[in-house]
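Source file: coords-v4.txt (compact mmCIF, C-alpha atoms and all ligand atoms)
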# COMPACT_ATOMS: atom_id res chain seq x y z
CA MET W 9 23.58 -22.47 -4.38
CA LYS W 10 24.62 -19.28 -2.64
CA PHE W 11 23.02 -15.84 -2.55
CA ILE W 12 23.60 -12.45 -0.98
CA ASP W 13 20.88 -10.17 0.38
CA LEU W 14 21.49 -6.44 -0.11
CA PHE W 15 19.06 -3.98 1.57
CA ALA W 16 17.97 -6.99 3.57
CA GLY W 17 15.18 -5.44 5.70
CA LEU W 18 13.08 -8.17 7.27
CA GLY W 19 14.49 -10.68 4.80
CA GLY W 20 11.74 -11.36 2.23
CA PHE W 21 14.49 -12.37 -0.20
CA HIS W 22 16.19 -14.46 2.45
CA THR W 23 13.05 -16.42 3.35
CA GLY W 24 12.19 -16.98 -0.33
CA PHE W 25 15.67 -18.12 -1.37
CA ALA W 26 16.21 -20.24 1.76
CA ASN W 27 12.87 -21.99 1.09
CA SER W 28 14.20 -22.78 -2.39
CA GLY W 29 17.32 -24.40 -0.99
CA TYR W 30 19.79 -21.52 -1.22
CA GLU W 31 22.33 -20.51 1.41
CA CYS W 32 22.82 -16.85 2.33
CA VAL W 33 26.50 -15.87 2.54
CA PHE W 34 26.25 -12.10 3.06
CA ALA W 35 23.65 -9.46 3.92
CA CYS W 36 23.63 -5.71 4.43
CA GLU W 37 21.05 -3.41 6.01
CA ILE W 38 21.53 0.11 7.31
CA GLU W 39 18.92 0.07 10.13
CA PRO W 40 20.43 -1.29 13.37
CA HIS W 41 17.11 -2.69 14.69
CA LEU W 42 16.52 -4.58 11.44
CA ARG W 43 20.09 -5.92 11.53
CA LYS W 44 19.47 -7.21 15.04
CA LEU W 45 16.23 -8.91 14.01
CA TYR W 46 17.90 -10.42 10.93
CA LYS W 47 20.59 -11.91 13.13
CA GLU W 48 17.93 -13.35 15.46
CA ASN W 49 15.81 -14.70 12.62
CA TYR W 50 18.45 -16.02 10.22
CA GLY W 51 21.63 -16.29 12.26
CA ILE W 52 23.56 -13.89 10.02
CA GLU W 53 24.80 -10.49 11.14
CA PRO W 54 24.19 -8.10 8.23
CA HIS W 55 26.78 -5.45 7.38
CA GLY W 56 25.56 -1.83 7.54
CA ASP W 57 25.57 0.91 4.89
CA ILE W 58 26.08 -0.55 1.41
CA THR W 59 28.11 2.48 0.36
CA LYS W 60 30.76 1.43 2.91
CA VAL W 61 30.82 -2.26 1.93
CA ASP W 62 34.08 -3.37 0.33
CA GLU W 63 33.02 -5.66 -2.51
CA ALA W 64 36.18 -7.74 -2.16
CA GLU W 65 35.04 -8.82 1.32
CA ILE W 66 31.80 -10.34 0.03
CA PRO W 67 32.01 -14.14 -0.47
CA ALA W 68 31.43 -15.62 -3.93
CA HIS W 69 27.76 -16.25 -4.75
CA ASP W 70 25.47 -17.45 -7.54
CA VAL W 71 22.68 -14.92 -7.03
CA MET W 72 22.71 -11.34 -5.81
CA CYS W 73 19.40 -10.05 -4.39
CA ALA W 74 18.71 -6.37 -3.86
CA GLY W 75 15.41 -4.86 -2.81
CA PHE W 76 16.84 -1.39 -3.21
CA PRO W 77 14.86 1.31 -1.38
CA CYS W 78 11.78 2.30 -3.29
CA GLN W 79 11.10 5.73 -1.77
CA PRO W 80 12.72 7.74 -4.55
CA PHE W 81 10.62 5.96 -7.16
CA SER W 82 7.24 5.25 -5.60
CA LEU W 83 4.22 7.30 -6.70
CA ALA W 84 4.08 8.74 -3.22
CA GLY W 85 7.76 9.63 -3.29
CA LYS W 86 9.65 12.48 -4.84
CA LYS W 87 9.84 11.18 -8.43
CA LYS W 88 13.45 12.17 -8.80
CA GLY W 89 14.82 8.86 -10.04
CA ALA W 90 18.53 8.62 -10.62
CA GLU W 91 19.01 12.29 -9.79
CA CYS W 92 18.00 11.61 -6.21
CA PRO W 93 21.07 12.57 -4.19
CA SER W 94 21.08 9.69 -1.72
CA SER W 95 18.91 6.59 -2.13
CA GLY W 96 18.53 6.93 -5.93
CA LYS W 97 22.24 6.37 -6.28
CA LEU W 98 22.23 3.21 -4.21
CA ILE W 99 21.74 1.22 -7.41
CA ASP W 100 25.34 2.19 -8.31
CA HIS W 101 26.52 0.11 -5.38
CA VAL W 102 24.49 -2.88 -6.55
CA ILE W 103 26.16 -2.53 -9.97
CA ARG W 104 29.60 -2.07 -8.37
CA ILE W 105 29.26 -5.32 -6.41
CA ALA W 106 27.75 -7.19 -9.39
CA LYS W 107 30.65 -6.05 -11.60
CA HIS W 108 33.19 -7.40 -9.13
CA HIS W 109 31.53 -10.77 -8.45
CA THR W 110 29.66 -11.39 -11.72
CA PRO W 111 27.00 -13.63 -10.11
CA LYS W 112 24.90 -15.69 -12.51
CA PHE W 113 21.75 -13.78 -11.67
CA VAL W 114 20.86 -10.50 -10.03
CA VAL W 115 17.30 -10.29 -8.69
CA LEU W 116 15.88 -6.85 -7.90
CA GLU W 117 12.47 -5.69 -6.73
CA ASN W 118 10.84 -2.29 -6.69
CA VAL W 119 7.62 -0.37 -7.31
CA PRO W 120 6.44 -0.60 -10.94
CA ASN W 121 6.93 3.06 -11.71
CA VAL W 122 10.67 2.59 -11.38
CA ILE W 123 10.29 1.86 -15.12
CA THR W 124 8.70 5.16 -16.07
CA ILE W 125 10.10 7.53 -13.44
CA ALA W 126 11.94 10.61 -14.71
CA GLU W 127 10.71 9.86 -18.26
CA GLY W 128 12.20 6.40 -18.10
CA SER W 129 15.70 7.74 -17.56
CA PHE W 130 16.31 5.72 -14.40
CA TRP W 131 15.20 2.52 -16.12
CA GLU W 132 17.41 3.30 -19.10
CA TYR W 133 20.30 3.87 -16.68
CA LEU W 134 19.65 0.59 -14.89
CA THR W 135 19.35 -1.55 -18.03
CA SER W 136 22.34 0.02 -19.78
CA SER W 137 24.50 -0.23 -16.63
CA PHE W 138 23.77 -3.96 -16.39
CA SER W 139 24.31 -4.36 -20.11
CA LYS W 140 27.77 -2.79 -19.79
CA ILE W 141 28.79 -5.36 -17.19
CA GLY W 142 27.48 -8.31 -19.22
CA TYR W 143 23.85 -8.86 -18.17
CA THR W 144 20.48 -8.83 -19.87
CA ILE W 145 17.53 -7.51 -17.91
CA HIS W 146 14.13 -9.24 -17.79
CA HIS W 147 11.27 -7.82 -15.80
CA LYS W 148 7.70 -8.60 -14.84
CA VAL W 149 5.07 -6.97 -12.63
CA ILE W 150 3.70 -9.50 -10.15
CA SER W 151 1.27 -9.06 -7.27
CA PRO W 152 0.75 -11.59 -4.45
CA VAL W 153 -2.89 -11.94 -5.61
CA ASP W 154 -1.50 -13.44 -8.83
CA ILE W 155 -0.23 -16.40 -6.84
CA GLY W 156 -3.24 -16.79 -4.58
CA ILE W 157 -2.23 -14.56 -1.66
CA PRO W 158 -4.91 -12.06 -0.63
CA GLN W 159 -2.85 -8.89 -0.95
CA ASN W 160 -2.81 -6.43 -3.84
CA ARG W 161 0.77 -5.33 -4.11
CA LYS W 162 2.08 -4.83 -7.61
CA ARG W 163 5.84 -4.85 -7.74
CA VAL W 164 8.27 -5.09 -10.60
CA PHE W 165 10.63 -8.05 -10.31
CA ILE W 166 13.80 -7.65 -12.29
CA VAL W 167 16.07 -10.57 -13.15
CA ALA W 168 19.44 -9.71 -14.69
CA ILE W 169 20.86 -12.82 -16.37
CA ARG W 170 24.58 -13.10 -17.09
CA ASN W 171 25.02 -13.13 -20.86
CA ASP W 172 27.05 -16.35 -21.02
CA LEU W 173 24.27 -18.46 -19.45
CA ASP W 174 22.20 -20.98 -21.41
CA GLU W 175 18.99 -19.82 -22.94
CA GLY W 176 16.20 -20.88 -20.65
CA ALA W 177 18.30 -20.33 -17.54
CA PHE W 178 15.26 -18.59 -16.14
CA ILE W 179 11.54 -18.54 -16.87
CA TRP W 180 8.97 -16.50 -14.99
CA PRO W 181 6.85 -18.51 -12.56
CA GLU W 182 3.28 -19.27 -13.52
CA THR W 183 1.01 -16.62 -12.06
CA VAL W 184 -2.35 -18.07 -13.02
CA GLU W 185 -4.48 -21.00 -11.85
CA CYS W 186 -3.71 -20.39 -8.19
CA PRO W 187 -6.40 -21.03 -5.62
CA GLN W 188 -7.58 -17.66 -4.33
CA THR W 189 -7.75 -17.27 -0.57
CA SER W 190 -9.58 -14.51 1.27
CA LEU W 191 -8.07 -12.18 3.82
CA LEU W 192 -10.69 -13.50 6.22
CA ASP W 193 -9.14 -16.98 5.84
CA ILE W 194 -5.82 -15.82 7.24
CA LEU W 195 -7.24 -14.11 10.33
CA ASP W 196 -6.03 -15.44 13.63
CA GLU W 197 -7.82 -13.90 16.59
CA ARG W 198 -5.36 -15.45 19.01
CA ALA W 199 -2.47 -13.36 17.70
CA GLU W 200 -1.72 -10.18 19.62
CA HIS W 201 -3.74 -7.34 18.11
CA LYS W 202 -4.85 -3.80 18.80
CA LYS W 203 -8.49 -3.21 19.73
CA LEU W 204 -10.42 -0.63 17.75
CA GLU W 205 -10.90 2.63 19.65
CA VAL W 206 -14.41 3.03 21.13
CA ALA W 207 -15.12 6.19 19.08
CA LYS W 208 -14.40 4.27 15.87
CA VAL W 209 -16.50 1.30 16.98
CA GLU W 210 -19.42 3.68 17.54
CA LEU W 211 -18.76 5.49 14.26
CA LEU W 212 -18.89 2.28 12.22
CA LYS W 213 -22.14 1.31 14.00
CA HIS W 214 -23.57 4.69 13.11
CA TRP W 215 -22.66 4.34 9.43
CA GLN W 216 -24.04 0.80 9.38
CA SER W 217 -27.34 2.06 10.77
CA LEU W 218 -27.52 4.57 7.89
CA LEU W 219 -26.85 1.88 5.31
CA GLU W 220 -29.59 -0.26 6.79
CA GLN W 221 -32.10 2.58 6.85
CA LEU W 222 -31.30 3.58 3.28
CA SER W 223 -31.85 -0.06 2.16
CA LEU W 224 -29.77 0.42 -0.98
CA GLU W 225 -29.77 -2.45 -3.42
CA ARG W 226 -26.41 -1.68 -5.02
CA LEU W 227 -23.43 0.45 -4.14
CA VAL W 228 -20.58 0.46 -6.63
CA SER W 229 -17.34 2.38 -6.03
CA THR W 230 -18.91 5.57 -4.78
CA SER W 231 -18.79 7.55 -1.58
CA ILE W 232 -21.56 8.69 0.72
CA VAL W 233 -20.59 12.27 1.51
CA ALA W 234 -22.65 13.14 4.57
CA PRO W 235 -22.11 16.95 4.51
CA GLU W 236 -24.14 16.93 1.27
CA PHE W 237 -27.27 15.93 3.18
CA GLY W 238 -29.42 19.04 2.77
CA ALA W 239 -26.77 21.02 0.84
CA THR W 240 -27.86 22.97 -2.26
CA TYR W 241 -24.80 25.13 -3.09
CA PRO W 242 -23.51 24.97 -6.70
CA LEU W 243 -20.62 22.51 -7.01
CA ASP W 244 -18.43 25.32 -8.30
CA PHE W 245 -19.20 28.58 -6.48
CA SER W 246 -15.86 30.26 -7.11
CA GLU W 247 -17.42 32.92 -9.37
CA LEU W 248 -20.45 33.64 -7.20
CA SER W 249 -20.91 36.91 -5.31
CA LEU W 250 -21.49 36.78 -1.56
CA HIS W 251 -25.10 37.80 -2.12
CA GLU W 252 -25.70 35.00 -4.64
CA MET W 253 -24.12 32.46 -2.34
CA THR W 254 -26.35 33.34 0.62
CA GLN W 255 -29.36 32.00 -1.28
CA TYR W 256 -28.05 28.43 -0.96
CA LYS W 257 -27.61 25.90 1.80
CA GLY W 258 -24.15 24.75 2.97
CA ALA W 259 -22.97 21.58 4.73
CA TYR W 260 -25.86 19.57 6.25
CA GLY W 261 -28.28 22.18 4.93
CA ALA W 262 -26.67 25.05 6.89
CA ASP W 263 -28.54 28.30 6.30
CA LEU W 264 -26.23 30.86 4.64
CA SER W 265 -28.79 33.69 4.37
CA GLU W 266 -27.51 35.59 7.41
CA CYS W 267 -23.83 35.39 6.45
CA GLN W 268 -22.17 38.82 6.21
CA SER W 269 -18.80 37.68 4.82
CA TRP W 270 -17.15 34.88 2.86
CA ASP W 271 -15.45 33.78 6.07
CA GLU W 272 -18.84 33.23 7.64
CA VAL W 273 -20.03 31.35 4.53
CA MET W 274 -16.97 29.14 4.36
CA ALA W 275 -17.32 28.19 8.03
CA LYS W 276 -20.61 26.54 7.04
CA MET W 277 -19.31 24.80 3.92
CA PRO W 278 -17.96 21.25 3.64
CA SER W 279 -14.21 21.06 4.22
CA TYR W 280 -13.53 19.71 0.72
CA THR W 281 -14.81 22.94 -0.90
CA LYS W 282 -12.65 25.23 1.17
CA LYS W 283 -9.53 25.30 -0.95
CA SER W 284 -10.97 26.27 -4.31
CA ARG W 285 -14.60 27.07 -3.48
CA ALA W 286 -15.59 24.10 -5.60
CA VAL W 287 -16.02 20.35 -5.30
CA SER W 288 -13.05 18.57 -6.91
CA ASN W 289 -13.83 16.61 -10.07
CA TRP W 290 -13.08 13.26 -8.44
CA LEU W 291 -15.74 13.86 -5.77
CA ILE W 292 -18.54 15.23 -7.98
CA ARG W 293 -20.16 11.86 -8.75
CA SER W 294 -20.29 10.99 -5.05
CA VAL W 295 -21.58 14.44 -4.09
CA ASN W 296 -24.42 14.15 -6.63
CA PHE W 297 -25.16 10.61 -5.44
CA SER W 298 -25.30 11.77 -1.81
CA ARG W 299 -27.69 14.59 -2.67
CA GLU W 300 -29.96 12.11 -4.47
CA LEU W 301 -29.87 9.83 -1.43
CA TYR W 302 -30.88 12.77 0.70
CA GLN W 303 -33.79 13.60 -1.61
CA SER W 304 -35.10 10.05 -1.36
CA LYS W 305 -34.73 9.64 2.44
CA GLN W 306 -34.63 13.14 3.87
CA GLU W 307 -35.92 12.34 7.35
CA VAL W 308 -33.60 9.37 7.80
CA CYS W 309 -30.58 11.41 6.71
CA ASP W 310 -31.44 14.42 8.88
CA GLU W 311 -31.95 12.30 11.96
CA TRP W 312 -28.75 10.34 11.29
CA ALA W 313 -26.68 13.49 10.62
CA LYS W 314 -27.47 14.85 14.10
CA ALA W 315 -25.19 12.26 15.67
CA ILE W 316 -22.25 12.26 13.26
CA ASP W 317 -18.98 13.74 14.55
CA LYS W 318 -18.72 16.96 12.56
CA ASN W 319 -15.26 17.83 13.85
CA ASN W 320 -13.61 14.99 12.03
CA ASN W 321 -13.79 15.64 8.28
CA SER W 322 -12.74 12.22 7.10
CA TRP W 323 -15.26 10.46 9.36
CA GLN W 324 -18.11 12.10 7.46
CA ILE W 325 -17.31 10.33 4.18
CA LEU W 326 -17.86 6.62 3.61
CA GLU W 327 -15.80 5.48 0.61
CA TRP W 328 -17.52 2.36 -0.65
CA ARG W 329 -15.07 0.04 -2.44
CA GLY W 330 -16.80 -2.99 -1.05
CA MET W 331 -19.06 -5.69 -2.42
CA HIS W 332 -21.72 -4.34 -4.76
CA THR W 333 -24.81 -5.88 -3.22
CA ASN W 334 -23.73 -6.58 0.34
CA MET W 335 -23.90 -3.40 2.37
CA ASN W 336 -22.84 -4.92 5.65
CA ILE W 337 -19.71 -3.13 6.82
CA TYR W 338 -19.01 -5.98 9.22
CA GLU W 339 -18.44 -8.38 6.33
CA HIS W 340 -15.76 -6.08 4.92
CA ILE W 341 -12.31 -4.69 5.71
CA VAL W 342 -12.13 -1.04 6.77
CA GLN W 343 -9.35 1.49 6.50
CA PHE W 344 -9.44 4.98 7.98
CA ARG W 345 -7.90 7.30 5.41
CA ALA W 346 -7.45 11.05 5.23
CA SER W 347 -10.07 11.16 2.46
CA GLY W 348 -12.69 9.09 4.29
CA ILE W 349 -13.56 5.74 5.84
CA ARG W 350 -12.76 3.22 3.15
CA ILE W 351 -14.78 0.00 3.01
CA LEU W 352 -12.93 -2.72 1.13
CA LYS W 353 -13.87 -6.12 -0.24
CA PRO W 354 -12.78 -8.80 2.23
CA ASN W 355 -11.04 -10.98 -0.31
CA VAL W 356 -7.94 -8.81 -0.74
CA ALA W 357 -6.06 -6.64 1.74
CA PRO W 358 -4.90 -3.20 0.66
CA SER W 359 -1.22 -3.14 -0.21
CA LEU W 360 0.84 -3.14 2.95
CA ILE W 361 2.75 0.07 2.84
CA SER W 362 4.69 1.71 5.60
CA MET W 363 1.33 2.69 7.07
CA THR W 364 0.70 5.20 9.77
CA PRO W 365 -0.91 3.34 12.68
CA THR W 366 -4.38 4.67 11.82
CA GLN W 367 -4.19 3.29 8.27
CA ILE W 368 -3.69 -0.27 9.43
CA PRO W 369 -6.60 -2.32 8.05
CA ILE W 370 -9.45 -2.95 10.48
CA ILE W 371 -11.48 -6.13 10.88
CA PRO W 372 -14.82 -4.55 11.87
CA SER W 373 -16.51 -7.85 12.72
CA GLN W 374 -13.95 -8.24 15.51
CA ASN W 375 -13.56 -4.54 16.40
CA ARG W 376 -9.81 -4.72 15.96
CA TYR W 377 -6.89 -3.89 13.72
CA LEU W 378 -5.10 -6.46 11.59
CA SER W 379 -2.33 -7.90 13.71
CA ALA W 380 1.35 -7.84 12.81
CA HIS W 381 1.26 -11.64 12.57
CA GLU W 382 -1.59 -11.50 10.05
CA ALA W 383 0.22 -8.80 8.06
CA ALA W 384 3.29 -11.06 8.09
CA LYS W 385 1.11 -13.82 6.61
CA LEU W 386 0.26 -11.48 3.73
CA GLN W 387 3.99 -11.18 3.09
CA ASN W 388 4.60 -14.90 3.70
CA LEU W 389 6.93 -13.94 6.53
CA HIS W 390 4.79 -15.35 9.34
CA GLU W 391 7.23 -18.13 10.12
CA LEU W 392 9.86 -15.67 11.26
CA PRO W 393 10.42 -16.16 14.99
CA ASN W 394 10.81 -12.40 15.54
CA LEU W 395 9.06 -9.33 14.18
CA PRO W 396 9.56 -5.73 15.34
CA THR W 397 7.95 -5.46 18.75
CA THR W 398 5.82 -2.35 18.20
CA ILE W 399 2.84 -2.47 15.82
CA VAL W 400 4.16 0.63 14.04
CA GLY W 401 7.62 -0.90 13.65
CA ALA W 402 6.16 -4.20 12.42
CA PHE W 403 3.89 -2.59 9.82
CA LYS W 404 6.71 -0.32 8.65
CA ALA W 405 9.09 -3.23 8.11
CA LEU W 406 6.41 -5.49 6.59
CA GLY W 407 5.32 -2.63 4.35
CA ASN W 408 8.88 -2.36 3.04
CA ALA W 409 9.36 -6.09 2.61
CA VAL W 410 9.04 -8.19 -0.51
CA ASN W 411 6.54 -11.03 -0.53
CA ALA W 412 8.61 -14.10 0.25
CA LYS W 413 6.42 -16.52 -1.71
CA VAL W 414 6.84 -14.55 -4.95
CA ILE W 415 10.60 -14.61 -4.32
CA GLU W 416 10.53 -18.34 -3.58
CA LEU W 417 8.84 -19.00 -6.93
CA ILE W 418 11.36 -16.84 -8.77
CA ALA W 419 14.28 -18.46 -6.92
CA SER W 420 13.13 -21.95 -7.79
CA ASN W 421 13.01 -20.98 -11.48
CA LEU W 422 16.62 -19.80 -11.63
CA LYS W 423 18.48 -22.68 -13.22
CA VAL W 424 21.70 -22.06 -11.36
CA TRP W 425 22.82 -25.68 -11.48
CA LYS W 426 22.38 -25.93 -15.27
CA THR W 427 24.94 -23.22 -15.84
CA ALA W 428 28.70 -22.94 -15.95
C1 LIG W 501 12.61 -1.69 0.22
S1 LIG W 501 13.41 -2.15 1.68
C2 LIG W 501 13.85 -3.79 1.29
C3 LIG W 501 13.23 -4.74 2.21
C4 LIG W 501 13.57 -6.19 2.00
N1 LIG W 501 13.56 -6.60 0.62
C5 LIG W 501 12.60 -7.04 2.80
O1 LIG W 501 12.08 -8.02 2.29
O2 LIG W 501 12.34 -6.69 3.96
C6 LIG W 501 14.93 -1.31 1.57
C7 LIG W 501 15.86 -1.52 2.75
O3 LIG W 501 17.10 -0.90 2.46
C8 LIG W 501 17.63 -0.38 3.65
N2 LIG W 501 18.65 0.62 3.28
C9 LIG W 501 18.44 1.90 2.91
N3 LIG W 501 19.61 2.51 2.63
C10 LIG W 501 20.57 1.59 2.83
C11 LIG W 501 21.98 1.61 2.70
N4 LIG W 501 22.63 2.73 2.34
N5 LIG W 501 22.67 0.48 2.98
C12 LIG W 501 22.03 -0.65 3.37
N6 LIG W 501 20.69 -0.72 3.51
C13 LIG W 501 19.96 0.37 3.23
C14 LIG W 501 16.42 0.17 4.36
O4 LIG W 501 16.64 0.31 5.75
C15 LIG W 501 15.36 -0.89 4.03
O5 LIG W 501 15.28 -1.86 5.03
Kindly return the structure encoded in the file as structure tokens.
Ligand SMILES: C[S@@+](CC[C@H](N)C(=O)[O-])C[C@H]1O[C@@H](n2cnc3c(N)ncnc32)[C@H](O)[C@@H]1O
Amino acid sequence: MKFIDLFAGLGGFHTGFANSGYECVFACEIEPHLRKLYKENYGIEPHGDITKVDEAEIPAHDVMCAGFPCQPFSLAGKKKGAECPSSGKLIDHVIRIAKHHTPKFVVLENVPNVITIAEGSFWEYLTSSFSKIGYTIHHKVISPVDIGIPQNRKRVFIVAIRNDLDEGAFIWPETVECPQTSLLDILDERAEHKKLEVAKVELLKHWQSLLEQLSLERLVSTSIVAPEFGATYPLDFSELSLHEMTQYKGAYGADLSECQSWDEVMAKMPSYTKKSRAVSNWLIRSVNFSRELYQSKQEVCDEWAKAIDKNNNSWQILEWRGMHTNMNIYEHIVQFRASGIRILKPNVAPSLISMTPTQIPIIPSQNRYLSAHEAAKLQNLHELPNLPTTIVGAFKALGNAVNAKVIELIASNLKVWKTA
């Protein structure tokens, strides 16, 4: 059973198919450092740019795998779909190679909105292109949590089945009844990891002290927005005159009565009101909640607010996505985001994306970042002998990779041997 690995990256497809007993006969990957790693890890030297690959040079194979780049289709990306001038067109090369070799199966992976992007036109293009060369497309959204791996990472898996194959040549793997593990179960302190910066250690301690002093019984998907402690300004002040505005209090109860201009007022307002002189709809519930907290524990909040770093906007907001009745930050996962400090339930890691170094999940109980080895475990790539050497490089490549266990389950359900 032979397969090829297009857009090979770190080799999530390779690991999954190899674990299912397949042999890789060709790979391609444009990034030289990933090609080098692939060679070290799997003993195969990938070819480079797919657009330059001559299909006739690729050996015969049963399955073609292609984790085509997701940037043009991801929610964070440009939403251009098939019109995208470079990467969006890479699917044409997958189709070109499939047309030449007619493998029994083509397995693709991408972000789920590849289906709806550009009003579904890319998806329509993909399905009709495969139909024209004799394949029927099946697809399913699967996340590693569905098979018991503590990472939320919804991806669409696409299996194109050659039309002459038996019915039942492929069935989707079972995604239920898997034992659920926690992210905390996969931690390995011995692996090389980055220590949390002292300022962040102190910051988390400071927030924890507030939570303890507030003695909240429940906290459900809301944020504590510290600049609202003592604030009284209307949540939409875009229509107010300067005179009207000076009657209110700004961030942390700042007195606006002496302000002579809007510039002076805005300098005393929370950063999130600066763009439209209003609190955005998505923050209103948390702003109201924070003002109520302040009303109930004014002295605690005032004393606490004295020591919070007011220069760093995102450090002044605690986004609680954690357990509902356990307010101990140290029993959670933390992620520093542009919008605030996000506290996450410990059972599932946030989706590994090509994170900036500061977004790498933090294990607060150990004052450290998740290590590359642990992130590799979340992608079931931890048995690879080599990962990129820098933490940024490792998280980037792991964030681009496909979960190898999901691929292994799909691979073992392709009934290659039953077919002609
Ligand atoms: C979404 S990632 C796929 C990762 C892979 N499935 C894995 O498990 O690591 C897409 C990969 O395609 C590579 N790539 C982008 N353009 C390419 C091209 N023109 N030819 C070959 N590879 C390309 C990128 O460098 C990236 O590693």
task: Step by step, measure atom-to-atom distances between ligand LIG 501 (chain W) and each residue using all atoms listed in the file, keep those at most 7 Å, then write them as a list of chain:residue names.
output: W:Leu14, W:Phe15, W:Ala16, W:Gly17, W:Leu18, W:Gly19, W:Gly20, W:Phe21, W:Cys36, W:Glu37, W:Ile38, W:Glu39, W:Gly56, W:Asp57, W:Ile58, W:Thr59, W:Ala74, W:Gly75, W:Phe76, W:Pro77, W:Cys78, W:Ser95, W:Leu98, W:Ala405, W:Leu406, W:Asn408, W:Ala409, W:Val410, W:Asn411
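Note that atom CA of W:Leu386 and atom CA of W:Leu422 are 23.9 Å apart.
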- request: Using all atoms listed in the file, pick whichever of W:Pro393, W:Gly407, W:Pro278, W:Pro67 has the shortest atom-to-atom distance to W:Pro358.
  value: W:Gly407
Minimum-distance residue to W:Val424, chosen among W:Lys10, W:Arg345, W:His381, W:Lys44 (using all atoms listed in the file): W:Lys10
- prompt: So what do you get for atom CA of W:Ile194 versus atom CA of W:Lys47, distance-wise?
  reply: 27.3 Å
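Of note, atom CA of W:Val233 and atom CA of W:Ser190 are spaced 29.0 Å apart.
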- request: For W:Lys276, list every protein, DNA or RNA residue within 8 Å, evaluated using all atoms listed in the file, and leave out those in the same chain fewer than 6 positions away; present the list as a PyMOL selection string.
  value: chain W and resi 258-259+262+264
- prompt: Got a sec: who's within 8 Å of stretch 127-135 of chain W, counting only C-alpha atoms, leaving out chain neighbours fewer than 2 positions off, as a count of residues only?
  reply: 12
- request: Name the residues in contact with W:Glu327 at a cut-off of 8 Å, using all atoms listed in the file, excluding same-chain residues fewer than 4 positions from it; report them as a ChimeraX atom specification.
  value: /W:229-232,348-351
Could the residues in this selection be written to a file with C-alpha atoms, as a PDB file, keeping the file's coordinate frame?
ATOM      1  CA  SER W 229     -17.340   2.380  -6.030  1.00  0.00           C
ATOM      2  CA  THR W 230     -18.910   5.570  -4.780  1.00  0.00           C
ATOM      3  CA  SER W 231     -18.790   7.550  -1.580  1.00  0.00           C
ATOM      4  CA  ILE W 232     -21.560   8.690   0.720  1.00  0.00           C
ATOM      5  CA  GLY W 348     -12.690   9.090   4.290  1.00  0.00           C
ATOM      6  CA  ILE W 349     -13.560   5.740   5.840  1.00  0.00           C
ATOM      7  CA  ARG W 350     -12.760   3.220   3.150  1.00  0.00           C
ATOM      8  CA  ILE W 351     -14.780   0.000   3.010  1.00  0.00           C
TER       9      ILE W 351
END
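The nearest approach to W:Val209 among the residues W:Lys60, W:Lys413, W:Lys404, W:Arg376, with only C-alpha atoms taken into account, belongs to W:Arg376.
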